[in-house]
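What's in target36.txt: compact mmCIF, C-alpha atoms and all ligand atoms
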# COMPACT_ATOMS: atom_id res chain seq x y z
CA MET S 267 204.32 71.64 40.00
CA THR S 268 200.75 71.01 41.08
CA ALA S 269 199.89 67.85 43.01
CA LEU S 270 196.83 65.83 42.09
CA ASP S 271 193.85 66.20 44.44
CA ILE S 272 190.11 65.59 44.60
CA THR S 273 189.53 68.17 41.81
CA HIS S 274 191.25 65.76 39.39
CA ASP S 275 189.35 62.66 40.58
CA PRO S 276 188.15 60.95 37.38
CA LYS S 277 185.11 59.63 39.26
CA ARG S 278 183.88 63.14 40.09
CA THR S 279 180.88 64.22 37.99
CA SER S 280 178.85 67.44 37.94
CA TRP S 281 175.20 68.31 38.46
CA VAL S 282 175.62 70.27 35.19
CA ALA S 283 174.72 67.32 32.95
CA SER S 284 176.50 68.59 29.81
CA ALA S 285 179.83 68.50 31.68
CA ASN S 286 179.58 64.71 32.00
CA VAL S 287 179.26 63.97 28.29
CA ALA S 288 182.28 61.98 27.06
CA GLY S 289 184.61 64.12 24.95
CA CYS S 290 183.34 67.39 26.44
CA ASP S 291 186.09 70.04 26.59
CA PHE S 292 184.89 71.39 29.93
CA PRO S 293 184.25 68.57 32.41
CA ILE S 294 184.41 69.32 36.15
CA GLN S 295 188.13 68.39 36.12
CA ASN S 296 188.90 71.38 33.82
CA LEU S 297 187.26 74.59 35.16
CA PRO S 298 188.92 77.17 32.85
CA PHE S 299 188.49 80.93 33.35
CA GLY S 300 187.22 83.48 30.83
CA ARG S 301 185.46 86.84 30.50
CA PHE S 302 181.90 87.03 29.15
CA ARG S 303 178.70 89.03 28.91
CA PRO S 304 175.27 88.40 27.39
CA ALA S 305 175.65 88.26 23.59
CA GLY S 306 174.89 91.58 21.93
CA SER S 307 174.88 93.51 25.19
CA GLN S 308 177.13 96.37 26.24
CA GLU S 309 177.32 95.12 29.83
CA ALA S 310 180.65 95.09 31.65
CA LEU S 311 182.60 91.86 31.20
CA ARG S 312 182.29 89.36 34.03
CA ILE S 313 184.52 86.50 35.13
CA GLY S 314 183.18 83.05 34.33
CA VAL S 315 184.22 79.43 34.55
CA ALA S 316 183.25 77.01 31.78
CA ILE S 317 181.38 73.89 32.88
CA GLY S 318 179.95 71.70 30.10
CA ASP S 319 178.05 74.01 27.73
CA GLN S 320 177.45 76.56 30.51
CA VAL S 321 179.32 79.43 32.18
CA LEU S 322 179.29 79.85 35.94
CA ASP S 323 179.17 83.60 36.69
CA LEU S 324 181.65 83.88 39.57
CA ARG S 325 180.22 87.09 40.97
CA ALA S 326 176.63 85.80 40.81
CA ALA S 327 177.80 82.63 42.57
CA GLY S 328 179.27 84.77 45.36
CA LEU S 329 182.84 83.63 44.65
CA VAL S 330 184.33 87.04 43.75
CA ASP S 331 183.29 90.60 44.53
CA HIS S 332 184.88 92.14 41.42
CA ASP S 333 185.17 91.58 37.66
CA ASP S 334 188.93 91.99 37.39
CA MET S 335 190.39 88.84 35.85
CA ASN S 336 193.95 90.13 36.18
CA ALA S 337 193.48 90.55 39.94
CA LEU S 338 192.21 86.97 40.15
CA MET S 339 195.19 85.75 38.12
CA ALA S 340 197.66 87.64 40.35
CA ALA S 341 196.44 85.88 43.50
CA PRO S 342 198.90 83.60 45.31
CA VAL S 343 198.88 80.02 44.07
CA ALA S 344 197.32 78.71 47.31
CA GLU S 345 194.42 81.15 46.94
CA ARG S 346 193.63 80.13 43.39
CA GLN S 347 193.93 76.45 44.27
CA ALA S 348 191.43 77.04 47.07
CA LEU S 349 189.09 78.70 44.55
CA ARG S 350 189.44 75.68 42.26
CA ARG S 351 188.57 73.39 45.15
CA THR S 352 185.49 75.49 46.01
CA LEU S 353 184.39 75.48 42.36
CA SER S 354 184.89 71.74 42.04
CA ASP S 355 183.07 70.92 45.29
CA GLY S 356 180.17 73.25 44.46
CA LEU S 357 179.72 71.94 40.91
CA ALA S 358 180.07 68.28 41.93
CA ALA S 359 177.05 66.02 41.75
CA GLY S 360 175.23 66.07 45.08
CA SER S 361 176.57 69.47 46.18
CA ALA S 362 174.34 71.52 48.48
CA ARG S 363 175.23 74.56 46.34
CA GLU S 364 173.37 73.25 43.27
CA SER S 365 170.16 75.24 43.79
CA ALA S 366 172.01 78.51 44.48
CA TRP S 367 174.61 78.14 41.74
CA ALA S 368 172.10 76.98 39.13
CA GLN S 369 170.90 80.61 39.20
CA ALA S 370 174.45 81.75 38.32
CA LEU S 371 174.72 79.61 35.15
CA VAL S 372 174.47 81.10 31.67
CA ALA S 373 174.43 79.05 28.46
CA GLN S 374 177.68 79.60 26.52
CA SER S 375 175.55 79.92 23.38
CA ALA S 376 173.93 83.03 24.90
CA CYS S 377 177.27 84.69 25.70
CA GLU S 378 179.90 86.67 23.91
CA PHE S 379 183.47 86.32 25.09
CA ALA S 380 186.46 88.63 25.25
CA VAL S 381 190.21 88.17 25.34
CA PRO S 382 190.28 86.36 28.70
CA CYS S 383 192.26 89.06 30.55
CA LYS S 384 193.91 92.41 29.92
CA VAL S 385 197.17 91.53 28.22
CA GLY S 386 199.78 94.06 29.25
CA ASP S 387 202.75 92.66 27.39
CA TYR S 388 203.02 89.99 24.76
CA THR S 389 206.21 88.07 24.02
CA ASP S 390 206.39 85.53 21.22
CA PHE S 391 208.88 82.68 21.47
CA TYR S 392 210.07 80.24 18.81
CA THR S 393 210.00 76.98 20.76
CA SER S 394 209.58 74.42 17.98
CA VAL S 395 212.94 73.27 16.67
CA HIS S 396 211.11 71.71 13.72
CA HIS S 397 209.46 75.03 12.80
CA ALA S 398 212.77 76.85 13.19
CA THR S 399 214.45 74.26 10.97
CA ASN S 400 211.69 74.27 8.33
CA ILE S 401 211.68 78.06 8.11
CA GLY S 402 215.48 78.25 8.27
CA ARG S 403 215.72 75.80 5.38
CA GLN S 404 213.64 78.12 3.19
CA PHE S 405 216.18 80.89 3.76
CA ARG S 406 219.40 78.90 4.28
CA PRO S 407 219.16 75.41 2.71
CA ASP S 408 222.64 74.38 3.87
CA ASN S 409 222.46 75.81 7.39
CA PRO S 410 218.83 75.86 8.49
CA LEU S 411 219.23 76.11 12.26
CA LEU S 412 221.19 79.05 13.64
CA PRO S 413 223.86 78.18 16.24
CA ASN S 414 222.11 79.87 19.19
CA TYR S 415 218.87 77.91 18.83
CA LYS S 416 219.67 74.97 21.11
CA TRP S 417 221.04 77.25 23.84
CA VAL S 418 218.73 80.27 23.99
CA PRO S 419 214.92 80.24 24.00
CA ILE S 420 214.53 82.65 21.06
CA GLY S 421 211.82 85.28 21.29
CA TYR S 422 210.82 88.87 20.54
CA HIS S 423 208.45 91.42 22.02
CA GLY S 424 205.13 91.53 20.21
CA ARG S 425 202.15 93.87 20.41
CA ALA S 426 199.27 93.30 22.84
CA SER S 427 196.72 95.78 21.43
CA SER S 428 195.88 93.62 18.40
CA ILE S 429 195.21 90.40 20.32
CA ILE S 430 191.60 89.43 19.56
CA VAL S 431 189.24 86.77 20.83
CA SER S 432 188.20 83.73 18.82
CA GLY S 433 185.45 84.51 16.32
CA THR S 434 186.71 88.01 15.48
CA PRO S 435 187.23 88.41 11.69
CA VAL S 436 190.81 88.99 10.57
CA LYS S 437 191.29 91.67 7.93
CA ARG S 438 193.89 90.90 5.29
CA PRO S 439 196.64 93.45 5.93
CA GLN S 440 198.18 95.77 3.37
CA GLY S 441 201.84 96.54 3.29
CA GLN S 442 205.13 96.72 1.48
CA THR S 443 206.42 93.61 -0.22
CA LYS S 444 209.22 92.98 -2.63
CA ALA S 445 209.50 90.02 -4.98
CA PRO S 446 213.09 88.66 -5.05
CA ASP S 447 213.55 89.67 -8.70
CA ALA S 448 211.87 93.09 -8.40
CA ALA S 449 213.99 96.24 -8.32
CA GLU S 450 211.69 98.03 -5.88
CA PRO S 451 208.99 97.11 -3.37
CA SER S 452 205.30 97.43 -4.15
CA PHE S 453 202.35 98.24 -1.92
CA GLY S 454 199.10 96.30 -1.65
CA PRO S 455 197.18 93.52 0.10
CA CYS S 456 199.24 90.69 1.57
CA LYS S 457 199.43 87.78 -0.88
CA ARG S 458 200.93 85.26 1.55
CA LEU S 459 198.65 85.37 4.56
CA ASP S 460 199.44 82.55 6.98
CA TYR S 461 198.39 81.21 10.37
CA GLU S 462 200.63 79.99 13.20
CA LEU S 463 199.53 77.24 15.58
CA GLU S 464 200.64 78.42 19.02
CA LEU S 465 199.79 78.27 22.68
CA ALA S 466 199.41 81.38 24.85
CA TRP S 467 200.90 80.95 28.32
CA PHE S 468 199.43 83.50 30.74
CA ILE S 469 201.36 84.94 33.67
CA GLY S 470 199.63 84.90 37.06
CA GLN S 471 201.77 86.29 39.86
CA GLY S 472 204.39 88.68 38.53
CA ASN S 473 207.98 89.28 39.63
CA ALA S 474 209.63 92.52 40.66
CA LEU S 475 211.97 94.32 38.26
CA GLY S 476 215.48 93.07 38.92
CA ALA S 477 214.30 89.83 40.58
CA PRO S 478 214.67 86.85 38.23
CA VAL S 479 212.39 83.84 38.66
CA GLY S 480 214.30 80.60 39.17
CA ILE S 481 213.24 77.61 37.13
CA ASP S 482 212.13 75.65 40.19
CA THR S 483 209.49 78.26 41.03
CA ALA S 484 208.74 79.39 37.46
CA GLU S 485 205.43 77.58 37.23
CA GLN S 486 204.12 79.39 40.30
CA HIS S 487 204.09 82.46 38.04
CA LEU S 488 202.07 80.77 35.29
CA PHE S 489 198.28 80.95 35.50
CA GLY S 490 197.37 78.78 32.53
CA VAL S 491 197.17 78.33 28.79
CA ALA S 492 194.95 79.06 25.79
CA LEU S 493 195.13 78.45 22.04
CA PHE S 494 196.77 81.19 20.00
CA ASN S 495 196.88 81.90 16.26
CA ASP S 496 199.63 84.40 15.44
CA TRP S 497 198.41 85.41 11.96
CA SER S 498 201.41 86.27 9.79
CA ALA S 499 201.90 88.12 6.50
CA ARG S 500 204.81 86.15 5.04
CA ASP S 501 205.50 88.46 2.09
CA ILE S 502 205.53 91.54 4.29
CA GLN S 503 207.70 89.65 6.80
CA ALA S 504 210.26 88.61 4.19
CA TRP S 505 210.88 92.23 3.16
CA GLU S 506 210.78 93.91 6.58
CA TYR S 507 212.39 91.42 8.95
CA GLN S 508 216.05 92.37 8.57
CA PRO S 509 217.75 93.54 10.73
CA LEU S 510 215.34 93.88 13.69
CA GLY S 511 212.85 91.06 13.14
CA PRO S 512 209.11 90.91 12.42
CA PHE S 513 207.05 94.09 12.77
CA LEU S 514 203.89 94.87 10.74
CA SER S 515 203.75 91.31 9.40
CA LYS S 516 202.74 90.12 12.88
CA ASN S 517 200.74 92.84 14.64
CA PHE S 518 197.50 93.09 12.62
CA GLY S 519 195.72 90.41 14.66
CA SER S 520 196.49 87.43 16.91
CA THR S 521 193.54 85.22 17.87
CA VAL S 522 193.26 83.75 21.36
CA SER S 523 190.68 81.22 22.58
CA PRO S 524 188.26 82.51 25.26
CA TRP S 525 189.21 80.11 28.08
CA ILE S 526 192.42 79.92 30.11
CA VAL S 527 192.97 76.31 31.19
CA THR S 528 194.83 76.53 34.49
CA MET S 529 198.12 74.91 35.42
CA GLU S 530 196.14 72.99 38.05
CA ALA S 531 193.87 71.47 35.38
CA LEU S 532 196.95 70.39 33.39
CA ALA S 533 198.44 68.50 36.36
CA PRO S 534 197.35 64.98 35.29
CA PHE S 535 198.96 65.44 31.87
CA ARG S 536 202.52 66.37 32.79
CA ALA S 537 205.37 64.63 30.99
CA PRO S 538 209.17 64.46 31.35
CA PHE S 539 211.51 66.87 29.57
CA SER S 540 214.76 65.69 28.06
CA ARG S 541 217.10 66.62 25.25
CA PRO S 542 217.63 64.40 22.22
CA GLU S 543 220.90 62.44 22.15
CA GLY S 544 223.75 64.69 21.08
CA ASP S 545 221.99 67.99 21.79
CA PRO S 546 223.45 70.39 24.39
CA GLN S 547 221.95 70.21 27.86
CA PRO S 548 220.25 73.44 29.02
CA LEU S 549 222.43 75.86 30.99
CA PRO S 550 221.92 75.56 34.77
CA TYR S 551 219.37 78.40 35.01
CA LEU S 552 217.21 76.51 32.48
CA ASP S 553 217.59 73.14 34.18
CA GLY S 554 215.89 71.73 37.25
CA ALA S 555 214.73 68.43 38.73
CA ASP S 556 211.02 69.27 38.44
CA ASN S 557 211.48 70.50 34.90
CA ARG S 558 213.19 67.26 33.94
CA ALA S 559 210.63 65.09 35.72
CA GLN S 560 207.47 66.80 34.44
CA GLY S 561 208.24 70.07 32.65
CA HIS S 562 206.38 69.08 29.49
CA ILE S 563 202.65 68.67 28.95
CA ASP S 564 201.06 65.88 26.96
CA MET S 565 198.66 67.85 24.77
CA THR S 566 197.28 67.18 21.29
CA LEU S 567 196.92 70.09 18.88
CA GLU S 568 194.77 70.16 15.76
CA VAL S 569 194.37 72.68 12.94
CA LEU S 570 191.29 72.76 10.70
CA ILE S 571 190.17 74.88 7.79
CA GLN S 572 186.75 75.67 6.36
CA THR S 573 186.85 77.53 3.08
CA ALA S 574 184.00 79.73 1.84
CA LYS S 575 183.12 76.99 -0.67
CA MET S 576 183.00 74.35 2.08
CA ARG S 577 180.75 76.60 4.14
CA THR S 578 178.40 77.21 1.19
CA GLU S 579 178.20 73.50 0.51
CA GLY S 580 177.61 72.63 4.16
CA GLN S 581 180.90 70.77 4.60
CA ALA S 582 182.47 70.54 8.05
CA PRO S 583 185.95 71.97 8.59
CA ALA S 584 188.75 69.70 7.30
CA ARG S 585 191.84 68.82 9.29
CA LEU S 586 195.11 70.34 8.12
CA THR S 587 197.39 68.89 10.82
CA LEU S 588 197.42 66.96 14.08
CA GLY S 589 200.39 66.87 16.45
CA LYS S 590 201.71 66.64 19.99
CA LEU S 591 202.92 69.64 21.97
CA LYS S 592 205.83 67.76 23.51
CA ASP S 593 207.06 66.61 20.09
CA ALA S 594 207.04 70.23 18.93
CA ALA S 595 208.31 72.30 21.85
CA TYR S 596 212.08 72.32 22.46
CA TRP S 597 211.61 74.43 25.64
CA THR S 598 209.08 74.01 28.44
CA PRO S 599 206.86 76.82 29.81
CA ALA S 600 208.98 76.94 33.00
CA GLN S 601 212.10 77.49 30.88
CA LEU S 602 210.38 80.35 29.04
CA VAL S 603 209.58 82.11 32.34
CA ALA S 604 213.08 81.50 33.75
CA HIS S 605 214.72 82.78 30.58
CA HIS S 606 212.43 85.80 30.17
CA THR S 607 213.20 87.01 33.71
CA VAL S 608 216.86 85.97 34.01
CA ASN S 609 218.04 89.48 33.15
CA GLY S 610 215.69 90.99 35.72
CA CYS S 611 212.78 91.68 33.35
CA ASN S 612 209.52 91.89 35.31
CA LEU S 613 206.49 89.91 34.17
CA GLN S 614 203.00 90.98 35.27
CA ALA S 615 199.63 89.28 35.69
CA GLY S 616 198.01 88.90 32.29
CA ASP S 617 201.23 88.98 30.29
CA LEU S 618 201.09 86.54 27.40
CA LEU S 619 204.00 84.32 26.35
CA GLY S 620 203.36 82.89 22.88
CA SER S 621 204.96 79.49 22.35
CA GLY S 622 205.88 80.17 18.74
CA THR S 623 204.60 77.98 15.93
CA LEU S 624 204.27 74.43 17.27
CA SER S 625 205.35 72.30 14.34
CA GLY S 626 206.01 68.63 14.96
CA PRO S 627 208.78 66.56 13.37
CA THR S 628 206.74 65.63 10.28
CA LEU S 629 204.79 67.76 7.83
CA ASP S 630 201.44 66.32 8.95
CA ALA S 631 202.08 68.17 12.22
CA ALA S 632 203.42 71.43 10.73
CA GLY S 633 201.96 74.56 12.32
CA SER S 634 201.75 76.94 9.35
CA PHE S 635 200.92 77.04 5.63
CA THR S 636 204.41 78.19 4.72
CA GLU S 637 205.63 74.80 5.94
CA LEU S 638 202.75 72.79 4.41
CA SER S 639 203.29 74.48 1.04
CA VAL S 640 207.11 74.65 1.33
CA GLY S 641 207.21 78.42 1.14
CA GLY S 642 204.33 78.54 -1.32
CA LYS S 643 206.03 76.25 -3.85
CA GLN S 644 203.73 73.21 -3.47
CA ALA S 645 199.97 73.67 -3.23
CA PHE S 646 198.29 71.81 -0.40
CA THR S 647 195.17 69.91 -1.53
CA LEU S 648 192.09 69.94 0.72
CA PRO S 649 189.68 66.96 0.89
CA ASN S 650 187.20 68.70 -1.46
CA GLY S 651 189.91 69.25 -4.10
CA GLU S 652 190.50 72.93 -3.39
CA GLN S 653 194.15 73.93 -3.18
CA ARG S 654 195.95 76.34 -0.91
CA THR S 655 199.45 77.68 -0.62
CA PHE S 656 198.32 80.43 1.79
CA LEU S 657 194.99 81.64 3.20
CA GLN S 658 192.32 83.09 0.92
CA ASP S 659 189.55 85.53 1.84
CA GLY S 660 186.64 83.62 3.35
CA ASP S 661 188.82 80.87 4.85
CA THR S 662 188.10 80.08 8.49
CA LEU S 663 191.09 78.71 10.38
CA ILE S 664 190.40 76.78 13.59
CA LEU S 665 192.82 75.65 16.31
CA ARG S 666 191.83 72.99 18.83
CA GLY S 667 193.72 71.37 21.68
CA TRP S 668 193.08 68.77 24.35
CA CYS S 669 194.78 66.56 26.93
CA GLU S 670 193.90 62.94 27.49
CA ARG S 671 195.52 60.12 29.37
CA GLU S 672 194.54 56.72 30.75
CA GLY S 673 193.11 57.17 34.24
CA ALA S 674 192.27 60.88 33.79
CA VAL S 675 189.26 62.68 32.36
CA ARG S 676 189.98 64.35 29.02
CA ILE S 677 190.02 68.16 29.11
CA GLY S 678 189.94 70.56 26.16
CA LEU S 679 191.01 74.12 25.45
CA GLY S 680 187.97 74.93 23.31
CA GLU S 681 188.93 76.58 20.05
CA ALA S 682 190.52 79.64 18.50
CA SER S 683 188.93 80.43 15.15
CA GLY S 684 189.03 83.34 12.77
CA THR S 685 187.79 84.07 9.25
CA VAL S 686 189.90 86.03 6.78
CA VAL S 687 188.15 89.02 5.23
CA ALA S 688 189.32 91.35 2.47
CA CA S 701 204.61 83.55 16.07
Representation of the structure as structure tokens:
Amino acid sequence: MTALDITHDPKRTSWVASANVAGCDFPIQNLPFGRFRPAGSQEALRIGVAIGDQVLDLRAAGLVDHDDMNALMAAPVAERQALRRTLSDGLAAGSARESAWAQALVAQSACEFAVPCKVGDYTDFYTSVHHATNIGRQFRPDNPLLPNYKWVPIGYHGRASSIIVSGTPVKRPQGQTKAPDAAEPSFGPCKRLDYELELAWFIGQGNALGAPVGIDTAEQHLFGVALFNDWSARDIQAWEYQPLGPFLSKNFGSTVSPWIVTMEALAPFRAPFSRPEGDPQPLPYLDGADNRAQGHIDMTLEVLIQTAKMRTEGQAPARLTLGKLKDAAYWTPAQLVAHHTVNGCNLQAGDLLGSGTLSGPTLDAAGSFTELSVGGKQAFTLPNGEQRTFLQDGDTLILRGWCEREGAVRIGLGEASGTVVA
């Protein structure tokens, strides 16, 4: 795992004044990567680093000679740590690079963003034991958690082509559904449209086919993390999922935030991993000293909603849930990489590993409407009195995440938002 260095120094400030504002998602200690271009233009996407409310154009700053984010992500860890050091030194208050790099800054408000890299393959895991239990209970009240759950990081292969960047509208899907008491399925718009609070772990350096990644080096293959909303059509899912799992209920749109926060930026917020008393210990290939000492990350995750009515009346988004990543995730990112490759499967730069819905132990930290509304049986009341069991057209769903700790500067992931349209 990454050691702390000068780039994490809480005393370091930037000559970009907006980066020094308390509570800013993108202080100089963060330096996340994304792809951008001037808003409304058809220009080729460029690689940028967020600093305060600005983007540093890496090519304009002379730091890269290409616009290929995947190539940057695939670089050896030492190379990308050197780039982080150069970025931090050059953006630090008093740097001799200020006058040159000031010309390479673009206001984020003047940019449009893309999915931060080309995602070749997308795997979605199921890492929250609380989510698995809540969902399992809706199907099997007496036996909610299947016997493999505490041994195997459960996952399935998703679809990369429908991953979209924050701000892209999400069209309510149509499909086959069947009410439990109906004799035959019917076809029409999804009536149980849901969100899933997830993280997207991005692969940096890949591994060769047939060459598993051991848990002790797993994090060297991770580039960083973004917020991820795996929109889900619950009624379509309920009818189609047996025997091979989710299909069209999950591949009509998955929203990712524009910035990848690197593993280096997360270094001050690492936390120990352990199993609850009485639970099985991970098999040896999923167990390691580093993973035990600091495999988890102390991150706070928040979900907000703004309905069409709230927007019309000028009301700010209302919080649905607030929770902690390490309370939700039963498996660490290193365990996901080690498990995914243990059979020899090759991961490649830009591959996306979804965490699965990150529900905490209590309902105020649940990561989906199907949990908040107990499968649609109990309406959830918003602060303005509106009620929801699932998402309605015009609803904007927003994910936010941040890390904070005494003695470190808070960093944020930005947000992943999307509005449901008919
Ligand atoms: Ca999911």
(message) Neighbouring residues of ligand CA 701 (chain S) are defined here as those with any atom at most 12 Å from a ligand atom, counting all atoms listed in the file; list them as number ranges by chain.
(response) S: 388-394, 397-398, 401, 420-425, 460-466, 494-500, 503, 511-513, 515-517, 519-521, 619-625, 633-634
Those residues you just picked out, can you put them in a file as a CSV table (one decimal), in the coordinates of the input with C-alpha atoms?
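Contents of the output file selection_37.csv:
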chain,number,residue,atom,x,y,z
S,388,TYR,CA,203.0,90.0,24.8
S,389,THR,CA,206.2,88.1,24.0
S,390,ASP,CA,206.4,85.5,21.2
S,391,PHE,CA,208.9,82.7,21.5
S,392,TYR,CA,210.1,80.2,18.8
S,393,THR,CA,210.0,77.0,20.8
S,394,SER,CA,209.6,74.4,18.0
S,397,HIS,CA,209.5,75.0,12.8
S,398,ALA,CA,212.8,76.8,13.2
S,401,ILE,CA,211.7,78.1,8.1
S,420,ILE,CA,214.5,82.6,21.1
S,421,GLY,CA,211.8,85.3,21.3
S,422,TYR,CA,210.8,88.9,20.5
S,423,HIS,CA,208.4,91.4,22.0
S,424,GLY,CA,205.1,91.5,20.2
S,425,ARG,CA,202.2,93.9,20.4
S,460,ASP,CA,199.4,82.6,7.0
S,461,TYR,CA,198.4,81.2,10.4
S,462,GLU,CA,200.6,80.0,13.2
S,463,LEU,CA,199.5,77.2,15.6
S,464,GLU,CA,200.6,78.4,19.0
S,465,LEU,CA,199.8,78.3,22.7
S,466,ALA,CA,199.4,81.4,24.8
S,494,PHE,CA,196.8,81.2,20.0
S,495,ASN,CA,196.9,81.9,16.3
S,496,ASP,CA,199.6,84.4,15.4
S,497,TRP,CA,198.4,85.4,12.0
S,498,SER,CA,201.4,86.3,9.8
S,499,ALA,CA,201.9,88.1,6.5
S,500,ARG,CA,204.8,86.2,5.0
S,503,GLN,CA,207.7,89.6,6.8
S,511,GLY,CA,212.8,91.1,13.1
S,512,PRO,CA,209.1,90.9,12.4
S,513,PHE,CA,207.0,94.1,12.8
S,515,SER,CA,203.8,91.3,9.4
S,516,LYS,CA,202.7,90.1,12.9
S,517,ASN,CA,200.7,92.8,14.6
S,519,GLY,CA,195.7,90.4,14.7
S,520,SER,CA,196.5,87.4,16.9
S,521,THR,CA,193.5,85.2,17.9
S,619,LEU,CA,204.0,84.3,26.4
S,620,GLY,CA,203.4,82.9,22.9
S,621,SER,CA,205.0,79.5,22.4
S,622,GLY,CA,205.9,80.2,18.7
S,623,THR,CA,204.6,78.0,15.9
S,624,LEU,CA,204.3,74.4,17.3
S,625,SER,CA,205.4,72.3,14.3
S,633,GLY,CA,202.0,74.6,12.3
S,634,SER,CA,201.8,76.9,9.4
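Residues near the point (215.6, 76.3, 19.9), at a distance of 9 Å or less over only C-alpha atoms, make up Tyr392, Thr393, Ser394, Val395, His396, Ala398, Leu411, Leu412, Asn414, Tyr415, Lys416, Trp417, Val418, Pro419, Ile420, Ala595, Tyr596 and Trp597 of chain S.
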Generate the output file for the selected residues, C-alpha atoms, as a PDB file, in the frame of the given file.
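File part07.pdb, as written:
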ATOM      1  CA  TYR S 392     210.070  80.240  18.810  1.00  0.00           C
ATOM      2  CA  THR S 393     210.000  76.980  20.760  1.00  0.00           C
ATOM      3  CA  SER S 394     209.580  74.420  17.980  1.00  0.00           C
ATOM      4  CA  VAL S 395     212.940  73.270  16.670  1.00  0.00           C
ATOM      5  CA  HIS S 396     211.110  71.710  13.720  1.00  0.00           C
ATOM      6  CA  ALA S 398     212.770  76.850  13.190  1.00  0.00           C
ATOM      7  CA  LEU S 411     219.230  76.110  12.260  1.00  0.00           C
ATOM      8  CA  LEU S 412     221.190  79.050  13.640  1.00  0.00           C
ATOM      9  CA  ASN S 414     222.110  79.870  19.190  1.00  0.00           C
ATOM     10  CA  TYR S 415     218.870  77.910  18.830  1.00  0.00           C
ATOM     11  CA  LYS S 416     219.670  74.970  21.110  1.00  0.00           C
ATOM     12  CA  TRP S 417     221.040  77.250  23.840  1.00  0.00           C
ATOM     13  CA  VAL S 418     218.730  80.270  23.990  1.00  0.00           C
ATOM     14  CA  PRO S 419     214.920  80.240  24.000  1.00  0.00           C
ATOM     15  CA  ILE S 420     214.530  82.650  21.060  1.00  0.00           C
ATOM     16  CA  ALA S 595     208.310  72.300  21.850  1.00  0.00           C
ATOM     17  CA  TYR S 596     212.080  72.320  22.460  1.00  0.00           C
ATOM     18  CA  TRP S 597     211.610  74.430  25.640  1.00  0.00           C
TER      19      TRP S 597
END
(message) Need to verify the contact set: Gly561 of chain S, 8 Å, all atoms listed in the file, exclusion of same-chain residues closer than 4 positions in sequence. Can you return it as a list of chain:residue names?
(response) S:Arg536, S:Ala537, S:Pro538, S:Phe539, S:Asp556, S:Asn557, S:Thr598, S:Pro599, S:Ala600
Step by step, gather every atom of segment 279-296 of chain S that the file lists, find the box along x, y and z that holds them, add 4 Å on each side, and finally give centre and edge lengths in Å to one decimal, as AutoDock Vina command-line options.
--center_x 181.8 --center_y 66.7 --center_z 31.7 --size_x 22.2 --size_y 17.4 --size_z 21.5
(message) Would you pick out the contacts of segment 640-654 of chain S at 10 Å or less, using only C-alpha atoms, so that residues sharing its chain but fewer than 2 positions from it are not included, and give the list as a PyMOL selection string?
(response) chain S and resi 400-401+403-405+458+500+571-573+575-576+581+583-586+629+634-638+656-658
(message) Just checking: using all atoms listed in the file, which residue out of S:Leu532, S:Val569, S:Leu324, S:Ile294 ends up closest to Leu663 of chain S?
(response)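 Of S:Leu532, S:Val569, S:Leu324, S:Ile294, the one nearest Leu663 of chain S, counting all atoms listed in the file, is S:Val569.
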(request) Give me the residues within 9 Å of Leu567 of chain S as an MDAnalysis selection string, counting only C-alpha atoms and dropping any in the same chain fewer than 4 places off. (result) chainID S and resid 463 587:591 624 631 665:668
